[in-house]
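Participant: Contents of my_file_39.tsv (TSV, C-alpha atoms) are below:
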```
chain	number	residue	atom	x	y	z
A	27	MET	CA	174.02	120.77	68.19
A	28	THR	CA	170.33	121.03	67.64
A	29	THR	CA	167.77	118.31	67.30
A	30	ASN	CA	164.87	118.80	64.94
A	31	THR	CA	161.59	117.57	66.39
A	32	MET	CA	158.38	117.20	64.48
A	33	PRO	CA	155.38	119.09	65.86
A	34	THR	CA	152.99	116.77	67.61
A	35	THR	CA	149.26	117.06	67.93
A	36	LYS	CA	147.89	116.70	71.40
A	37	GLN	CA	145.72	113.61	71.54
A	38	PRO	CA	142.68	113.22	73.79
A	39	VAL	CA	143.29	110.88	76.64
A	40	GLY	CA	141.15	108.76	78.93
A	41	LYS	CA	137.48	108.30	78.31
A	42	LEU	CA	137.30	111.33	76.02
A	43	ALA	CA	139.35	109.50	73.39
A	44	GLY	CA	137.07	107.96	70.87
A	45	ARG	CA	133.89	108.95	72.70
A	46	ALA	CA	132.35	110.86	69.81
A	47	PRO	CA	133.17	108.26	67.13
A	48	GLY	CA	132.02	105.53	69.49
A	49	PHE	CA	128.71	107.28	70.09
A	50	ARG	CA	128.18	107.84	66.36
A	51	LYS	CA	128.84	104.17	65.71
A	52	HIS	CA	126.48	103.15	68.50
A	53	PHE	CA	123.80	105.56	67.26
A	54	SER	CA	124.17	104.36	63.68
A	55	ARG	CA	123.90	100.72	64.75
A	56	ASN	CA	120.78	101.38	66.86
A	57	ARG	CA	119.19	104.18	64.84
A	58	PHE	CA	115.91	102.32	64.44
A	59	LEU	CA	115.62	101.84	68.20
A	60	TYR	CA	116.22	105.54	68.71
A	61	ALA	CA	113.60	106.28	66.05
A	62	MET	CA	111.09	104.24	68.03
A	63	LEU	CA	111.75	106.54	71.01
A	64	VAL	CA	110.73	109.65	69.08
A	65	PRO	CA	106.92	109.20	69.42
A	66	VAL	CA	107.33	108.46	73.14
A	67	ALA	CA	109.50	111.54	73.63
A	68	ILE	CA	106.98	113.69	71.75
A	69	TYR	CA	104.14	112.30	73.87
A	70	LEU	CA	106.00	113.02	77.12
A	71	ILE	CA	106.90	116.54	76.04
A	72	LEU	CA	103.39	117.46	74.86
A	73	PHE	CA	101.29	115.78	77.52
A	74	LYS	CA	103.58	115.54	80.58
A	75	TYR	CA	106.11	118.38	80.54
A	76	ALA	CA	104.41	121.15	78.55
A	77	PRO	CA	101.28	121.16	80.78
A	78	MET	CA	103.53	121.84	83.79
A	79	ALA	CA	103.60	125.47	82.67
A	80	GLY	CA	99.94	125.62	83.64
A	81	GLU	CA	100.87	125.14	87.31
A	82	ILE	CA	101.22	128.92	87.44
A	83	ILE	CA	97.40	128.97	87.68
A	84	ALA	CA	97.78	127.85	91.32
A	85	PHE	CA	99.29	131.29	92.10
A	86	LYS	CA	96.65	133.28	90.25
A	87	ASN	CA	92.93	133.97	90.38
A	88	TYR	CA	92.38	132.33	87.04
A	89	ARG	CA	89.47	133.40	84.85
A	90	LEU	CA	88.71	131.95	81.43
A	91	SER	CA	88.02	135.37	79.98
A	92	ASP	CA	91.41	136.75	81.10
A	93	GLY	CA	93.51	133.71	80.24
A	94	ILE	CA	96.49	132.38	82.18
A	95	TRP	CA	98.72	135.44	81.75
A	96	GLY	CA	95.95	138.01	82.08
A	97	SER	CA	94.55	136.66	85.35
A	98	SER	CA	95.47	138.48	88.53
A	99	TRP	CA	98.36	137.25	90.66
A	100	VAL	CA	97.43	136.16	94.21
A	101	GLY	CA	100.64	134.43	95.32
A	102	PHE	CA	99.93	131.77	97.95
A	103	GLY	CA	96.35	132.92	98.41
A	104	GLN	CA	94.90	129.75	96.88
A	105	PHE	CA	97.01	127.59	99.18
A	106	GLU	CA	95.87	129.57	102.22
A	107	LYS	CA	92.27	129.07	101.14
A	108	LEU	CA	92.97	125.36	100.58
A	109	PHE	CA	94.57	124.74	103.98
A	110	ALA	CA	91.80	126.68	105.72
A	111	SER	CA	89.10	124.49	104.17
A	112	ARG	CA	87.65	121.59	106.16
A	113	ASP	CA	86.84	119.75	102.92
A	114	PHE	CA	90.55	119.60	102.09
A	115	TYR	CA	91.36	117.64	105.22
A	116	VAL	CA	88.44	115.28	104.63
A	117	VAL	CA	89.54	114.38	101.10
A	118	LEU	CA	93.18	114.18	102.23
A	119	ARG	CA	92.23	111.76	105.02
A	120	ASN	CA	90.12	109.63	102.69
A	121	THR	CA	92.87	109.50	100.06
A	122	LEU	CA	95.54	108.48	102.54
A	123	LEU	CA	93.32	105.91	104.28
A	124	LEU	CA	92.24	104.20	101.06
A	125	ASN	CA	95.85	104.03	99.89
A	126	LEU	CA	96.96	102.73	103.28
A	127	TYR	CA	94.29	100.01	103.12
A	128	HIS	CA	95.49	99.15	99.62
A	129	LEU	CA	99.11	98.99	100.75
A	130	VAL	CA	98.31	96.70	103.69
A	131	PHE	CA	95.68	94.41	102.16
A	132	ALA	CA	96.04	94.60	98.36
A	133	PHE	CA	99.79	94.97	97.80
A	134	PRO	CA	100.71	91.49	99.15
A	135	VAL	CA	98.00	89.68	97.13
A	136	PRO	CA	99.89	89.57	93.77
A	137	ILE	CA	102.95	88.24	95.62
A	138	ILE	CA	100.91	85.46	97.22
A	139	LEU	CA	99.19	84.62	93.92
A	140	ALA	CA	102.52	84.52	92.07
A	141	ILE	CA	104.01	82.16	94.68
A	142	LEU	CA	100.99	79.87	94.45
A	143	LEU	CA	101.00	79.87	90.65
A	144	ASN	CA	104.74	79.24	90.61
A	145	GLU	CA	104.18	76.03	92.58
A	146	VAL	CA	101.60	74.67	90.11
A	147	ARG	CA	103.21	71.99	87.96
A	148	ALA	CA	100.34	71.20	85.55
A	149	GLU	CA	100.94	73.76	82.79
A	150	TRP	CA	97.38	73.64	81.37
A	151	TYR	CA	95.94	74.25	84.81
A	152	LYS	CA	98.42	77.04	85.50
A	153	ARG	CA	97.61	78.80	82.20
A	154	THR	CA	93.88	78.48	82.84
A	155	LEU	CA	94.22	80.05	86.28
A	156	GLN	CA	96.37	82.86	84.92
A	157	ASN	CA	93.86	83.70	82.20
A	158	LEU	CA	90.98	83.74	84.69
A	159	LEU	CA	92.94	86.02	87.00
A	160	TYR	CA	94.00	88.39	84.20
A	161	ILE	CA	90.54	88.91	82.63
A	162	PRO	CA	89.21	91.53	85.13
A	163	HIS	CA	92.17	93.81	84.36
A	164	PHE	CA	90.89	94.30	80.81
A	165	ILE	CA	87.36	95.25	81.89
A	166	SER	CA	86.70	98.96	82.37
A	167	TRP	CA	85.62	100.25	85.76
A	168	VAL	CA	82.32	101.37	84.27
A	169	ALA	CA	81.44	97.75	83.49
A	170	LEU	CA	83.18	96.20	86.47
A	171	GLY	CA	81.70	98.75	88.87
A	172	SER	CA	78.22	97.87	87.65
A	173	ILE	CA	78.97	94.20	88.30
A	174	VAL	CA	80.21	94.98	91.82
A	175	ILE	CA	77.13	97.07	92.63
A	176	ALA	CA	74.85	94.32	91.30
A	177	LEU	CA	76.65	91.61	93.31
A	178	LEU	CA	76.39	93.66	96.50
A	179	SER	CA	72.81	94.83	96.06
A	180	PRO	CA	70.90	94.43	99.35
A	181	SER	CA	67.80	93.06	97.62
A	182	THR	CA	68.96	91.05	94.59
A	183	GLY	CA	72.73	90.78	95.04
A	184	PHE	CA	74.42	87.39	95.17
A	185	VAL	CA	76.39	88.21	98.35
A	186	ASN	CA	73.32	89.28	100.31
A	187	SER	CA	71.42	86.26	99.00
A	188	LEU	CA	74.07	84.10	100.66
A	189	LEU	CA	73.75	86.06	103.88
A	190	LYS	CA	69.99	85.60	103.85
A	191	ALA	CA	70.44	81.86	103.24
A	192	PHE	CA	72.47	81.69	106.47
A	193	GLY	CA	69.83	83.65	108.35
A	194	LEU	CA	71.78	86.92	108.44
A	195	GLU	CA	70.52	90.41	107.76
A	196	PRO	CA	71.38	91.95	104.37
A	197	ILE	CA	74.15	94.54	104.37
A	198	TYR	CA	74.00	97.79	102.39
A	199	PHE	CA	77.62	97.51	101.29
A	200	MET	CA	77.64	100.48	98.94
A	201	ALA	CA	75.76	102.79	101.30
A	202	ASP	CA	77.50	101.93	104.55
A	203	LYS	CA	80.48	104.03	105.63
A	204	PHE	CA	82.24	100.98	107.09
A	205	TRP	CA	81.59	98.52	104.28
A	206	TRP	CA	82.18	100.89	101.36
A	207	PRO	CA	85.99	101.05	101.86
A	208	VAL	CA	86.00	97.25	102.24
A	209	SER	CA	84.09	96.89	98.96
A	210	PHE	CA	86.44	99.39	97.33
A	211	ILE	CA	89.60	97.49	98.32
A	212	VAL	CA	88.18	94.03	97.50
A	213	SER	CA	86.97	95.15	94.07
A	214	GLY	CA	90.40	96.67	93.38
A	215	ILE	CA	92.08	93.39	94.33
A	216	TRP	CA	89.69	91.49	92.07
A	217	LYS	CA	90.52	93.72	89.09
A	218	GLU	CA	94.29	94.19	89.39
A	219	ALA	CA	95.81	91.46	91.58
A	220	GLY	CA	95.88	88.81	88.87
A	221	PHE	CA	97.56	91.07	86.34
A	222	GLY	CA	100.04	92.21	88.98
A	223	THR	CA	101.38	88.67	89.29
A	224	ILE	CA	103.07	88.98	85.88
A	225	LEU	CA	106.05	90.92	87.22
A	226	TYR	CA	106.55	88.58	90.16
A	227	LEU	CA	106.29	85.46	88.00
A	228	ALA	CA	108.86	86.95	85.62
A	229	ALA	CA	111.17	87.63	88.58
A	230	MET	CA	110.69	84.06	89.84
A	231	SER	CA	111.61	82.63	86.45
A	232	ALA	CA	115.05	84.24	86.83
A	233	ILE	CA	115.81	82.41	90.08
A	234	ASP	CA	118.51	79.75	89.69
A	235	PRO	CA	116.84	76.29	89.89
A	236	THR	CA	119.94	74.89	91.59
A	237	LEU	CA	119.03	76.94	94.67
A	238	TYR	CA	115.83	74.93	95.04
A	239	GLU	CA	117.74	71.68	94.49
A	240	ALA	CA	120.26	72.64	97.16
A	241	ALA	CA	117.44	73.51	99.55
A	242	LYS	CA	115.81	70.12	98.92
A	243	ILE	CA	119.09	68.34	99.58
A	244	ASP	CA	119.35	70.21	102.87
A	245	GLY	CA	115.89	68.92	103.77
A	246	ALA	CA	114.03	72.23	103.40
A	247	SER	CA	110.26	71.93	103.20
A	248	LYS	CA	108.25	73.72	100.52
A	249	ARG	CA	107.49	76.54	102.96
A	250	ARG	CA	111.20	76.91	103.76
A	251	GLN	CA	112.06	76.98	100.06
A	252	ILE	CA	109.59	79.77	99.51
A	253	TRP	CA	110.89	81.73	102.50
A	254	HIS	CA	114.62	81.29	101.85
A	255	VAL	CA	114.76	81.04	98.05
A	256	THR	CA	111.68	82.46	96.33
A	257	LEU	CA	111.10	85.57	98.43
A	258	PRO	CA	114.79	86.64	98.46
A	259	GLY	CA	114.82	86.08	94.70
A	260	ILE	CA	112.01	88.57	94.10
A	261	ARG	CA	112.95	90.97	96.88
A	262	SER	CA	114.30	93.63	94.52
A	263	THR	CA	111.10	93.53	92.44
A	264	ILE	CA	109.00	93.89	95.60
A	265	ALA	CA	111.14	96.86	96.68
A	266	ILE	CA	110.72	98.71	93.37
A	267	LEU	CA	106.96	98.13	93.25
A	268	LEU	CA	106.71	99.23	96.88
A	269	ILE	CA	108.43	102.51	96.02
A	270	LEU	CA	105.99	103.09	93.17
A	271	GLN	CA	103.03	102.23	95.38
A	272	VAL	CA	104.10	104.62	98.13
A	273	GLY	CA	104.59	107.27	95.45
A	274	LYS	CA	100.86	106.94	94.69
A	275	MET	CA	99.78	107.44	98.29
A	276	MET	CA	98.33	110.83	97.37
A	277	ASP	CA	96.38	109.51	94.41
A	278	VAL	CA	93.38	107.20	94.13
A	279	GLY	CA	92.12	106.09	90.74
A	280	PHE	CA	89.32	108.40	89.62
A	281	GLU	CA	87.36	105.81	87.62
A	282	GLN	CA	86.95	103.30	90.46
A	283	VAL	CA	85.90	105.86	93.06
A	284	TYR	CA	83.59	107.76	90.73
A	285	THR	CA	81.87	104.54	89.63
A	286	LEU	CA	81.34	103.10	93.12
A	287	ARG	CA	80.65	106.16	95.25
A	288	ASN	CA	77.25	107.70	96.06
A	289	ASP	CA	75.88	110.51	98.21
A	290	ALA	CA	75.45	108.23	101.25
A	291	VAL	CA	79.21	107.61	101.54
A	292	THR	CA	80.62	110.94	100.37
A	293	SER	CA	82.31	111.50	103.74
A	294	VAL	CA	84.52	108.41	103.21
A	295	ALA	CA	84.53	108.18	99.39
A	296	GLU	CA	85.44	111.73	98.36
A	297	VAL	CA	89.14	111.69	97.41
A	298	ILE	CA	91.48	114.19	95.81
A	299	SER	CA	90.84	113.04	92.24
A	300	THR	CA	87.03	113.31	92.52
A	301	PHE	CA	87.31	116.54	94.53
A	302	VAL	CA	89.42	118.10	91.77
A	303	TYR	CA	86.87	116.98	89.17
A	304	THR	CA	83.90	118.34	91.13
A	305	ARG	CA	85.45	121.65	92.17
A	306	GLY	CA	87.70	122.22	89.18
A	307	LEU	CA	85.77	121.07	86.12
A	308	VAL	CA	82.18	121.21	87.35
A	309	ASN	CA	82.37	124.32	89.56
A	310	LEU	CA	85.14	125.98	87.49
A	311	GLN	CA	87.46	126.62	90.47
A	312	TYR	CA	90.59	126.10	88.40
A	313	SER	CA	93.12	127.92	90.56
A	314	TYR	CA	91.90	126.29	93.76
A	315	THR	CA	92.11	122.74	92.40
A	316	THR	CA	95.42	123.43	90.65
A	317	ALA	CA	96.86	124.42	94.02
A	318	LEU	CA	95.56	121.13	95.42
A	319	GLY	CA	97.10	119.20	92.53
A	320	LEU	CA	100.44	120.94	93.03
A	321	PHE	CA	100.39	120.11	96.74
A	322	GLN	CA	99.52	116.50	95.88
A	323	SER	CA	102.43	116.21	93.45
A	324	LEU	CA	104.89	117.75	95.91
A	325	ILE	CA	103.95	115.31	98.69
A	326	ALA	CA	104.12	112.39	96.24
A	327	LEU	CA	107.63	113.49	95.19
A	328	ILE	CA	108.77	113.68	98.81
A	329	LEU	CA	107.34	110.24	99.55
A	330	ILE	CA	108.90	108.50	96.56
A	331	VAL	CA	112.32	110.08	97.14
A	332	SER	CA	112.24	109.19	100.85
A	333	VAL	CA	111.18	105.58	100.33
A	334	ASN	CA	113.72	105.17	97.54
A	335	ARG	CA	116.49	106.25	99.92
A	336	ILE	CA	115.24	103.91	102.63
A	337	ILE	CA	115.14	100.97	100.20
A	338	LYS	CA	118.68	101.71	99.00
A	339	ALA	CA	119.88	102.02	102.61
A	340	MET	CA	118.53	98.50	103.18
A	341	GLY	CA	120.79	97.20	100.39
A	342	GLU	CA	118.26	97.00	97.57
A	343	ARG	CA	118.31	98.73	94.21
A	344	GLY	CA	116.10	101.77	94.05
A	345	LEU	CA	114.53	103.49	91.08
A	346	TRP	CA	117.70	105.56	90.60
```
Now, as a test, write the supplied structure out as structure tokens.
Facilitator:
Amino acid sequence: MTTNTMPTTKQPVGKLAGRAPGFRKHFSRNRFLYAMLVPVAIYLILFKYAPMAGEIIAFKNYRLSDGIWGSSWVGFGQFEKLFASRDFYVVLRNTLLLNLYHLVFAFPVPIILAILLNEVRAEWYKRTLQNLLYIPHFISWVALGSIVIALLSPSTGFVNSLLKAFGLEPIYFMADKFWWPVSFIVSGIWKEAGFGTILYLAAMSAIDPTLYEAAKIDGASKRRQIWHVTLPGIRSTIAILLILQVGKMMDVGFEQVYTLRNDAVTSVAEVISTFVYTRGLVNLQYSYTTALGLFQSLIALILIVSVNRIIKAMGERGLW
């Protein structure tokens, strides 16, 4: 006795079942959002990923007349020349020191400002303070640098006028190798600290208000509330911004340094970005400065990956 069975079609199982139709439905429902990503993707491809092909210049003796592919191959010759140069170690030291100063003195300022603003209860006063703190961010370094130089002028500057009023000698802030880094960091704080509070204030707004009420019931002072409620509430935001900041340890903003520096402080003000501009674009040493840029990017990658792992090992969310 035989039993007739109908042929069956093998059906996909698990997560594969319905994945394609589900994705098509999701894409159709959000097609306009995906369309908005197209210009961003094109920008990243053209200006971020495509130029990476030019890194091959670091391994060649590049000449404009020969082009990238026609220039002679020198292997690691440019890197050997770079590491044998005393100027390289000077600009590397200056870049790392200025970023270290920024990490120690400037990084905590937006956190402190956000905590202080978060405690202000008069909304009109809070908004006024926020606007005053945000304004410098929207001023270019060309304009803001001129203001800083004018304020610190040894003859007519407001700061030195105050020093003279107290019977002190005027200080040549922008021409002194000790005071120039101080002026650099303080001017950077003035420009960016206020705007940097936005992320921390947004993180604080997500903290459950009942946590503050419970802390008050337990008799916690305002300082204890900040320490045990506010700071833990924004800890993940601090961790992510710290990773990004450490990732920029090999980079100092070109505009700020170029605007504020002068020949008297070149030994402490020459950083990688200005060195690349001077040697690469002005003196046409393209291969040499491309090798420096490649080295800079490699160290930055190592730093950001390492700090991200450390942050995740401490129980916080990393960038990935």
Participant: Enter the distance from CA of Lys190 in chain A to CA of Ala176 in chain A, in Å, rounded to one decimal.
Facilitator: 16.0 Å
Participant: What is the distance, in Å and to one decimal place, between CA of Gly214 in chain A and CA of Lys152 in chain A?
Facilitator: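 Spanning CA of Gly214 in chain A to CA of Lys152 in chain A is a straight-line distance of 22.6 Å.
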Participant: Tell me which protein, DNA and RNA residues are within 12 Å of Met78 in chain A, counting only C-alpha atoms, leaving out same-chain ones fewer than 5 positions away, and put them as JSON, numbers by chain.
Facilitator: {"A": [70, 71, 72, 73, 83, 84, 316, 319, 320, 323]}
Participant: Considering all atoms listed in the file, state which residue in the set A:Phe321, A:Tyr151, A:Phe133, A:Phe210 is at the smallest distance from Leu170 in chain A.
Facilitator: A:Phe210
Participant: Name the residues in contact with range 123-132 of chain A at a cut-off of 12 Å, using all atoms listed in the file, excluding same-chain residues fewer than 5 positions from it; report them as a ChimeraX atom specification.
Facilitator: /A:115-118,137-139,206-220,222,267-279,282-283,294-298
Participant: In Å to one decimal, how far is CA of Thr263 in chain A from CA of Gly245 in chain A?
Facilitator: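 Distance between the two atoms: 27.5 Å.
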Participant: Tell me, as a ChimeraX atom specification, which residues lie within 12 Å of range 229-236 of chain A, counting only C-alpha atoms; anything in the same chain fewer than 2 positions away does not count.
Facilitator: /A:137,140-145,223-227,238-243,251-252,254-264
